[in-house]
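Visitor: I'd like to ask you about the structure that follows.
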Amino acid sequence: MKNKQKAVLSLAVSLIFTAAAAALFYFTFCNIFYRIDGKNPPINPGESTVQNGKSASLMLCNMFSDNTNIKEHILFGKSIYADGDSVSAGDGSDHYAYAEFIRDRNNMRLVNRSKGGTTLALRDDRSDSIYERIRELDGEYDYLLIEGGYNDVFRGLSLGSPTHSRSSEDFDLHTIYGATDEICRILQTKYPDTKKLFVLGHKMKDEYEIPQQNAWNAIKEPLNKWGIPYIDIYEETGLTSDEYDREYQVFNQDDGIHPTKKAYEKFYVPVIEEKLKSL
């Protein structure tokens, strides 16, 4: 009997020590890394991917400290390339746009080459179109997040014509149809296994309603042809340039084009992040 009691007592003590050690490890480990700025190695030489002080260890602690299904963390630690115009670059929010939000929420490694004023299509007066950047794209990524079309509308660039061809020789790169077709071809050829998402932004002011609608339809057709998923922010959230609240400040300086950080967080991030998780 005494031997049995000793065995039970020994087991109880062992369990108590195990639980105490686990608790000590958890709180020490997480608290230490909560105070350390986490940095991931750059995806390509010379490209910064600092995660705003959020270390992978902290994110790991957060994963195990809640009851969220592991599928919710499918983006955790992955690499993502973003490209587009000023909406993707965050020109109205100190260059902190939806890609930066998603990076920090999921501890991802981000390369964002978006640039204000650039178009999807080629232009004779510039050599930095989104197409040209995609053409030179290299490196390995888990996700490709592309946006564009606003400046094509502002500049009155030609829509062009749709084609069933998959040959770049048949694409007019100075048009929205042609440039989007070639962007899709490049992405599907160079990155066949990488998950891709094209972002079509919010609705602009009424004077641009018809040109934007035509441009967005011209962008969607090649995307559908090449099987690249897209998300239309206006269709998903109803966000328009007319939606401006002085207290909330949806758009920077009431210009109706460049979202604020609050607008990205409220309208862009949730639907884009959810779509990325579903790919």
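How things are named: the first chain in the structure tokens is A, the next is B, and so on; residues count from 1 in each chain; ligands count from 1 in the order shown.
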List the neighbours of segment 261-276 of chain A out to 7 Å using only C-alpha atoms; skip same-chain residues closer than 3 positions along the sequence, and give me the result as a ChimeraX atom specification.

Guide: /A:93,96-98,101-102,233,237,250,279

Visitor: Find the residues of segment 183-279 of chain A that sit at most 8 Å from segment 142-153 of chain A; for each, write down the nearest two atoms and how far apart they are in Å, to one decimal. Count only C-alpha atoms. Sort by chain, then by number going up, and give it as a Markdown table.

Guide:
| residue | atom | partner | partner_atom | distance |
| --- | --- | --- | --- | --- |
| A:Thr194 | CA | A:Asp142 | CA | 5.5 |
| A:Lys195 | CA | A:Tyr143 | CA | 4.8 |
| A:Lys196 | CA | A:Leu144 | CA | 4.7 |
| A:Leu197 | CA | A:Leu145 | CA | 5.1 |
| A:Phe198 | CA | A:Ile146 | CA | 4.7 |
| A:Val199 | CA | A:Glu147 | CA | 4.7 |
| A:Leu200 | CA | A:Glu147 | CA | 6.2 |
| A:Gly201 | CA | A:Glu147 | CA | 7.6 |
| A:Tyr208 | CA | A:Val153 | CA | 7.7 |
| A:Pro211 | CA | A:Val153 | CA | 6.3 |
| A:Gln212 | CA | A:Val153 | CA | 6.2 |
| A:Ala215 | CA | A:Val153 | CA | 6.9 |
| A:Trp216 | CA | A:Gly149 | CA | 7.3 |
| A:Ile219 | CA | A:Gly149 | CA | 7.9 |

Visitor: Could you go through segment 62-246 of chain A and tell me which residues DSSP, when run on the backbone, assigns to strand (DSSP E or B), listing them as a VMD selection string?

Guide: chain A and resid 79 to 83 109 to 112 123 126 143 to 147 195 to 200 203 230 to 232 240

Visitor: Find the residues around Val87 of chain A up to 8 Å (only C-alpha atoms counted), leave out those fewer than 4 positions away in its own chain, and share them as a PyMOL selection string.

Guide: chain A and resi 91-92+97+116+201+257-259

Visitor: What would the file look like if the residues just selected were written as a PDB file, in the first residue's frame with N, CA, C and O atoms?

Guide:
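Final output, part_35.pdb:
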ATOM      1  N   ASP A  91       0.759  55.937 -50.883  1.00  0.00           N
ATOM      2  CA  ASP A  91       1.188  57.332 -50.964  1.00  0.00           C
ATOM      3  C   ASP A  91       0.368  58.258 -50.079  1.00  0.00           C
ATOM      4  O   ASP A  91       0.819  59.359 -49.746  1.00  0.00           O
ATOM      5  N   GLY A  92      -0.823  57.844 -49.699  1.00  0.00           N
ATOM      6  CA  GLY A  92      -1.640  58.672 -48.822  1.00  0.00           C
ATOM      7  C   GLY A  92      -1.603  58.242 -47.374  1.00  0.00           C
ATOM      8  O   GLY A  92      -2.368  58.733 -46.542  1.00  0.00           O
ATOM      9  N   ALA A  97       0.594  50.590 -46.727  1.00  0.00           N
ATOM     10  CA  ALA A  97      -0.657  50.229 -47.387  1.00  0.00           C
ATOM     11  C   ALA A  97      -1.113  48.837 -46.963  1.00  0.00           C
ATOM     12  O   ALA A  97      -0.628  48.282 -45.980  1.00  0.00           O
ATOM     13  N   GLY A 116       4.004  55.231 -57.248  1.00  0.00           N
ATOM     14  CA  GLY A 116       2.965  56.171 -57.626  1.00  0.00           C
ATOM     15  C   GLY A 116       3.113  56.663 -59.054  1.00  0.00           C
ATOM     16  O   GLY A 116       4.221  56.863 -59.548  1.00  0.00           O
ATOM     17  N   GLY A 201      -9.024  48.343 -57.238  1.00  0.00           N
ATOM     18  CA  GLY A 201      -9.324  49.254 -56.137  1.00  0.00           C
ATOM     19  C   GLY A 201     -10.736  49.817 -56.118  1.00  0.00           C
ATOM     20  O   GLY A 201     -11.597  49.475 -56.931  1.00  0.00           O
ATOM     21  N   ILE A 257      -8.694  59.387 -53.868  1.00  0.00           N
ATOM     22  CA  ILE A 257      -7.853  58.392 -54.529  1.00  0.00           C
ATOM     23  C   ILE A 257      -7.016  57.609 -53.523  1.00  0.00           C
ATOM     24  O   ILE A 257      -7.019  56.380 -53.515  1.00  0.00           O
ATOM     25  N   HIS A 258      -6.294  58.324 -52.680  1.00  0.00           N
ATOM     26  CA  HIS A 258      -5.327  57.666 -51.804  1.00  0.00           C
ATOM     27  C   HIS A 258      -5.912  57.387 -50.420  1.00  0.00           C
ATOM     28  O   HIS A 258      -6.140  58.325 -49.653  1.00  0.00           O
ATOM     29  N   PRO A 259      -6.128  56.114 -50.104  1.00  0.00           N
ATOM     30  CA  PRO A 259      -6.701  55.768 -48.801  1.00  0.00           C
ATOM     31  C   PRO A 259      -5.762  56.117 -47.647  1.00  0.00           C
ATOM     32  O   PRO A 259      -4.540  56.124 -47.796  1.00  0.00           O
TER      33      PRO A 259
END

Visitor: Can you tell me how far atom CA of Thr175 of chain A sits from atom CA of Asp85 of chain A, in Å to one decimal?

Guide: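 Value for the atom CA of Thr175 of chain A-atom CA of Asp85 of chain A distance: 16.5 Å.
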
Visitor: Write out as a ChimeraX atom specification which residues come within 9 Å of Lys190 of chain A when counting only C-alpha atoms, dropping same-chain ones fewer than 4 positions away.

Guide: /A:138,185-186

Visitor: Considering only alpha helix (DSSP H) as DSSP defines it on the backbone, what residues of segment 44-249 of chain A qualify? List them as a count of residues only.

Guide: 71

Visitor: Would you mind listing what lies within 12 Å of Asn224 of chain A as a VMD selection string, with only C-alpha atoms counted and same-chain residues fewer than 4 positions away left out?

Guide: chain A and resid 162 164 180 to 181 184 to 185 197 to 198 217 to 220 228 to 231

Visitor: Residues as selected, C-alpha atoms, written as a CSV table (one decimal), in the first residue's frame, can you do that?

Guide:
chain,number,residue,atom,x,y,z
A,162,PRO,CA,-9.4,41.3,-76.1
A,164,HIS,CA,-8.0,34.6,-77.3
A,180,THR,CA,-2.6,42.9,-68.5
A,181,ASP,CA,-2.5,39.9,-70.9
A,184,CYS,CA,-0.7,37.4,-66.7
A,185,ARG,CA,1.4,35.4,-69.2
A,197,LEU,CA,-4.0,37.8,-56.5
A,198,PHE,CA,-4.9,41.0,-58.5
A,217,ASN,CA,-13.6,45.0,-67.1
A,218,ALA,CA,-10.6,45.1,-69.5
A,219,ILE,CA,-8.4,44.0,-66.7
A,220,LYS,CA,-10.7,41.2,-65.5
A,228,ILE,CA,-5.5,34.5,-62.0
A,229,PRO,CA,-7.8,35.3,-59.0
A,230,TYR,CA,-8.8,38.9,-58.4
A,231,ILE,CA,-10.7,41.0,-55.8

Visitor: Quick one, how far is atom CA of Asn107 of chain A from atom CA of Gly77 of chain A?

Guide: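 That distance, rounded to one decimal, is 5.2 Å.
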
Visitor: Measuring between only C-alpha atoms, which one of A:Asn106, A:Gly156, A:Arg123, A:Gly90 shows the shortest distance to Ile210 of chain A?

Guide: A:Gly156

Visitor: Using only C-alpha atoms, which of A:Glu207, A:Asp94, A:Asp128, A:Glu169 sits nearest Thr260 of chain A?

Guide: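 Among the listed residues, A:Asp94 lies closest to Thr260 of chain A.
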
Visitor: Could you work out how far atom CA of Thr240 of chain A lies from atom CA of Lys205 of chain A, giving the answer in Å with one decimal?

Guide: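 Result for atom CA of Lys205 of chain A versus atom CA of Thr240 of chain A: 7.3 Å, one decimal.
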
Visitor: Skipping near chain neighbours, those fewer than 6 positions away, what residues fall within 12 Å of Glu140 of chain A using only C-alpha atoms, listed as an MDAnalysis selection string?

Guide: chainID A and resid 42:44 78:81 109:111 187 190:195

Visitor: Write the residues of the selection above to a file with N, CA, C and O atoms, as a compact mmCIF listing (two decimals), in the first residue's frame.

Guide:
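So the final result, stored in out-v4.txt, reads:
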# COMPACT_ATOMS: atom_id res chain seq x y z
N PRO A 42 16.30 39.19 -45.74
CA PRO A 42 15.67 39.67 -46.97
C PRO A 42 15.50 38.55 -47.98
O PRO A 42 16.28 37.60 -48.02
N ILE A 43 14.46 38.67 -48.79
CA ILE A 43 14.21 37.67 -49.80
C ILE A 43 15.26 37.76 -50.89
O ILE A 43 15.75 36.77 -51.38
N ASN A 44 15.59 38.97 -51.27
CA ASN A 44 16.64 39.21 -52.25
C ASN A 44 17.69 40.12 -51.64
O ASN A 44 17.37 40.93 -50.77
N LYS A 78 5.21 33.55 -44.47
CA LYS A 78 5.38 33.37 -45.90
C LYS A 78 5.96 34.64 -46.55
O LYS A 78 5.96 35.71 -45.95
N SER A 79 6.42 34.50 -47.78
CA SER A 79 6.98 35.64 -48.51
C SER A 79 5.95 36.15 -49.51
O SER A 79 5.19 35.38 -50.10
N ILE A 80 5.95 37.47 -49.71
CA ILE A 80 4.97 38.08 -50.60
C ILE A 80 5.60 39.24 -51.38
O ILE A 80 6.36 40.04 -50.81
N TYR A 81 5.30 39.29 -52.65
CA TYR A 81 5.74 40.39 -53.51
C TYR A 81 4.52 41.21 -53.88
O TYR A 81 3.49 40.67 -54.30
N ARG A 109 7.26 38.11 -45.05
CA ARG A 109 8.41 38.82 -45.62
C ARG A 109 7.92 39.49 -46.89
O ARG A 109 7.49 38.82 -47.82
N LEU A 110 8.00 40.81 -46.91
CA LEU A 110 7.41 41.58 -48.00
C LEU A 110 8.45 42.33 -48.82
O LEU A 110 9.35 42.96 -48.28
N VAL A 111 8.28 42.27 -50.13
CA VAL A 111 8.97 43.16 -51.06
C VAL A 111 7.87 43.91 -51.79
O VAL A 111 7.05 43.31 -52.49
N LEU A 187 3.50 36.05 -65.32
CA LEU A 187 3.31 35.50 -63.98
C LEU A 187 3.02 34.00 -64.02
O LEU A 187 3.57 33.23 -63.22
N LYS A 190 6.49 32.25 -65.35
CA LYS A 190 7.62 32.28 -64.41
C LYS A 190 7.27 31.75 -63.04
O LYS A 190 8.13 31.23 -62.32
N TYR A 191 6.01 31.90 -62.64
CA TYR A 191 5.60 31.50 -61.29
C TYR A 191 4.34 30.63 -61.34
O TYR A 191 3.30 30.98 -60.80
N PRO A 192 4.42 29.47 -61.99
CA PRO A 192 3.22 28.64 -62.16
C PRO A 192 2.64 28.12 -60.84
O PRO A 192 1.43 27.90 -60.75
N ASP A 193 3.49 27.93 -59.85
CA ASP A 193 3.01 27.35 -58.59
C ASP A 193 2.82 28.39 -57.48
O ASP A 193 2.42 28.04 -56.37
N THR A 194 3.14 29.64 -57.77
CA THR A 194 3.00 30.70 -56.77
C THR A 194 1.56 31.20 -56.74
O THR A 194 0.93 31.36 -57.78
N LYS A 195 1.05 31.46 -55.55
CA LYS A 195 -0.32 31.95 -55.41
C LYS A 195 -0.38 33.44 -55.77
O LYS A 195 0.46 34.21 -55.31

Visitor: Which residue gives the smallest distance to Tyr131 of chain A among A:Leu159, A:Leu223, A:Ala82, A:Leu173, with only C-alpha atoms counted?

Guide: A:Leu173
